[in-house]
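Here is the structure we will look at.
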Amino acid sequence: MKLGNLDDLHLFVSLVESGSFTKAAKELGIAKSKLSRRLVMLEKKLGCELLLRTTRKQQLTESGRLLFCASKEHIEALTRVEDQLSSSLNQVQGQLNILLPIEFFNQIISTLIADFMRLYPKVTLHCQHYSGPVPEFDPKFDLCFVLHEQSLPPSNWIARELLSFPQSIFVAPSRVSAPLKTLLEQPQIAVEQLAECECILAESGEQWHFRNNNKVEQVSVNGKMILSSPEMRLQVTGQGLGLCKLPDYVLSNSLQPQPLEKVKLNLESVAQRLSVLYQSRHVASRTRTFLDFFQSHVGQLL
């Protein structure tokens with residue numbers, strides 16, 4: 001393709017519209033000599049003269065007139081798109097798509113979102129929920145909040161950890177089976193013994209992780225039931241159907257009092273971490289503003 005790049009065509013259109021090298025160079029913010037060199041390079045690339053230049057005036061050649069008429073509309077359209085993109089990146093407006101874990105501080109998050117929308121009424125917010133581990137990368141989402149214990153797997157997302165929540169193993173001691181009740185009566189239970197218990201899991205094949213000094217121990221547990229909903233695991237555990245691992249905040253934020261107690265273990269559960277994922281370090285103003293707003297209010301989750 002002999003036509004110059006878009007920047008060359010933009011310089012050429014600006015030069016013709018301004019009527020002089022001096023005005024065009026000033027409008028474009030470049031040196032007059034550089035503008036002249038770029039025009040010469042474009043003419044050499046096309047193999048024809050575009051502009052007749054004298055000390056007093058400049059005049060389009062037939063080839064120059066043809067190129068100007070063909071390029072002007074497209075350059076203006078691209079300039080409008082560029083302005084719109086710049087506006088989108090620098091103004092707090094437009095659509096913001098957020099992905100959240102299911103049942104994650106719904107009441108508090110709803111309040112934060114409402115406060116944000118009152119501050120930035122030009123933003124349109126679309127919020128969806130997911131269950132299970134880290135969701136697949138989906139470019140339609142600007143931000144994705146993820147709860148996890150271990151390091152996140154490699155992905156196309158950029159991750160930033162925000163805070164962590166303590167977790168415990170819970171049980172309803174007055175409702176469990178006799179063998180489990182006998183086990184719970186011990187002053188302290190080794191985490192390895194949890195493999196002998198009936199447990200309620202969040203996902204198939206789940207392992208429970210415990211902190212042992214600077215190491216992490218994994219315990220494979222038997223899943224009597226698999227329930228992705230933390231609230232459902234809480235309710236079922238309260239019915240005496242097994243042990244479950246939950247962040248402590250799930251119990252403290254529950255509307256219904258639960259007859260649950262923490263299982264006394266020789267090791268502490270690994271904390272649950274909250275990270276936010278986004279697509280690029282160069283994000284739109286609305287995305288950056290929401291993330292800053294969330295981080296400044298994230299203490300409400302504790």
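Residues are referred to by chain and number: the chain letter is A, B, ... according to the order shown in the structure tokens, the number counts from 1 in that chain, and ligands are numbered separately from 1 in the order shown.
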Please provide the set of residues having any atom within 8 Å of stretch 286-296 of chain A, restricted to only C-alpha atoms, with same-chain residues fewer than 4 positions apart removed, written as a PDB file with N, CA and C atoms, in the first residue's frame.
ATOM      1  N   LEU A  89     -12.398   8.067  28.628  1.00  0.00           N
ATOM      2  CA  LEU A  89     -11.330   7.730  29.562  1.00  0.00           C
ATOM      3  C   LEU A  89     -11.173   8.762  30.669  1.00  0.00           C
ATOM      4  N   GLN A  91     -13.633  11.196  31.715  1.00  0.00           N
ATOM      5  CA  GLN A  91     -14.821  11.646  32.415  1.00  0.00           C
ATOM      6  C   GLN A  91     -15.518  10.464  33.072  1.00  0.00           C
ATOM      7  N   VAL A  92     -16.105  10.713  34.230  1.00  0.00           N
ATOM      8  CA  VAL A  92     -16.791   9.652  34.967  1.00  0.00           C
ATOM      9  C   VAL A  92     -18.196   9.514  34.396  1.00  0.00           C
ATOM     10  N   GLN A  93     -18.291   8.773  33.314  1.00  0.00           N
ATOM     11  CA  GLN A  93     -19.573   8.565  32.649  1.00  0.00           C
ATOM     12  C   GLN A  93     -19.487   7.291  31.823  1.00  0.00           C
ATOM     13  N   GLY A  94     -20.641   6.808  31.368  1.00  0.00           N
ATOM     14  CA  GLY A  94     -20.674   5.609  30.551  1.00  0.00           C
ATOM     15  C   GLY A  94     -21.038   4.377  31.359  1.00  0.00           C
ATOM     16  N   LEU A  96     -20.546   0.851  33.257  1.00  0.00           N
ATOM     17  CA  LEU A  96     -19.565   0.141  34.069  1.00  0.00           C
ATOM     18  C   LEU A  96     -20.111  -1.251  34.359  1.00  0.00           C
ATOM     19  N   LEU A 112     -22.927   0.700  49.005  1.00  0.00           N
ATOM     20  CA  LEU A 112     -21.772   1.350  48.370  1.00  0.00           C
ATOM     21  C   LEU A 112     -22.099   1.750  46.935  1.00  0.00           C
ATOM     22  N   PHE A 116     -22.215   5.493  45.357  1.00  0.00           N
ATOM     23  CA  PHE A 116     -21.395   5.829  44.193  1.00  0.00           C
ATOM     24  C   PHE A 116     -22.257   6.432  43.087  1.00  0.00           C
ATOM     25  N   VAL A 123     -22.977   7.674  35.251  1.00  0.00           N
ATOM     26  CA  VAL A 123     -22.536   6.294  35.085  1.00  0.00           C
ATOM     27  C   VAL A 123     -23.753   5.370  35.048  1.00  0.00           C
ATOM     28  N   ASP A 142     -15.586  -4.767  33.304  1.00  0.00           N
ATOM     29  CA  ASP A 142     -14.506  -3.838  33.627  1.00  0.00           C
ATOM     30  C   ASP A 142     -13.772  -4.258  34.895  1.00  0.00           C
ATOM     31  N   LEU A 143     -14.532  -4.764  35.876  1.00  0.00           N
ATOM     32  CA  LEU A 143     -13.962  -5.199  37.153  1.00  0.00           C
ATOM     33  C   LEU A 143     -14.586  -6.525  37.551  1.00  0.00           C
ATOM     34  N   LEU A 162      -7.051  -6.807  47.823  1.00  0.00           N
ATOM     35  CA  LEU A 162      -7.608  -5.702  48.586  1.00  0.00           C
ATOM     36  C   LEU A 162      -7.556  -5.935  50.091  1.00  0.00           C
TER      37      LEU A 162
END
| In stretch 130-257 of chain A, what's strand (DSSP E) per DSSP? Answer as a VMD selection string? | chain A and resid 130 143 to 148 158 to 165 167 to 171 198 to 201 207 to 212 215 to 220 222 to 226 243 to 247
| said: At a cut-off of 10 Å, using only C-alpha atoms, what residues contact A:Leu6? Leave out same-chain residues fewer than 3 positions from it and give the result as number ranges by chain. | reply: A: 3, 9-12, 71, 74-75, 78
| said: When you look at stretch 197-210 of chain A with a cut-off of 9 Å (counting only C-alpha atoms), what residues show up, excluding the ones that are within fewer than 4 positions of it in the same chain? I need them as a VMD selection string. | reply: chain A and resid 132 to 133 149 to 150 180 191 193 215 to 230 233 236 to 237 241 to 245 267 to 271
| field | Residue with smallest distance to A:Val276 - pool A:Leu35, A:Leu52, A:Val134, A:Leu194, counting only C-alpha atoms | value | A:Val134
| request: as a VMD selection string, list the residues of stretch 91-147 of chain A assigned to alpha helix (DSSP H) by DSSP on the backbone atoms of this structure. | output: chain A and resid 106 to 119
Go ahead and save the picked residues with C-alpha atoms, as a compact mmCIF listing (two decimals), in the first residue's frame.
# COMPACT_ATOMS: atom_id res chain seq x y z
CA ASN A 106 -24.96 -7.95 49.32
CA GLN A 107 -26.42 -5.37 51.68
CA ILE A 108 -23.17 -3.44 52.16
CA ILE A 109 -22.21 -3.65 48.48
CA SER A 110 -25.68 -2.40 47.51
CA THR A 111 -25.23 0.60 49.81
CA LEU A 112 -21.77 1.35 48.37
CA ILE A 113 -23.13 1.14 44.83
CA ALA A 114 -26.05 3.44 45.67
CA ASP A 115 -23.67 5.99 47.24
CA PHE A 116 -21.39 5.83 44.19
CA MET A 117 -24.28 6.32 41.76
CA ARG A 118 -25.49 9.37 43.67
CA LEU A 119 -22.01 10.89 43.34
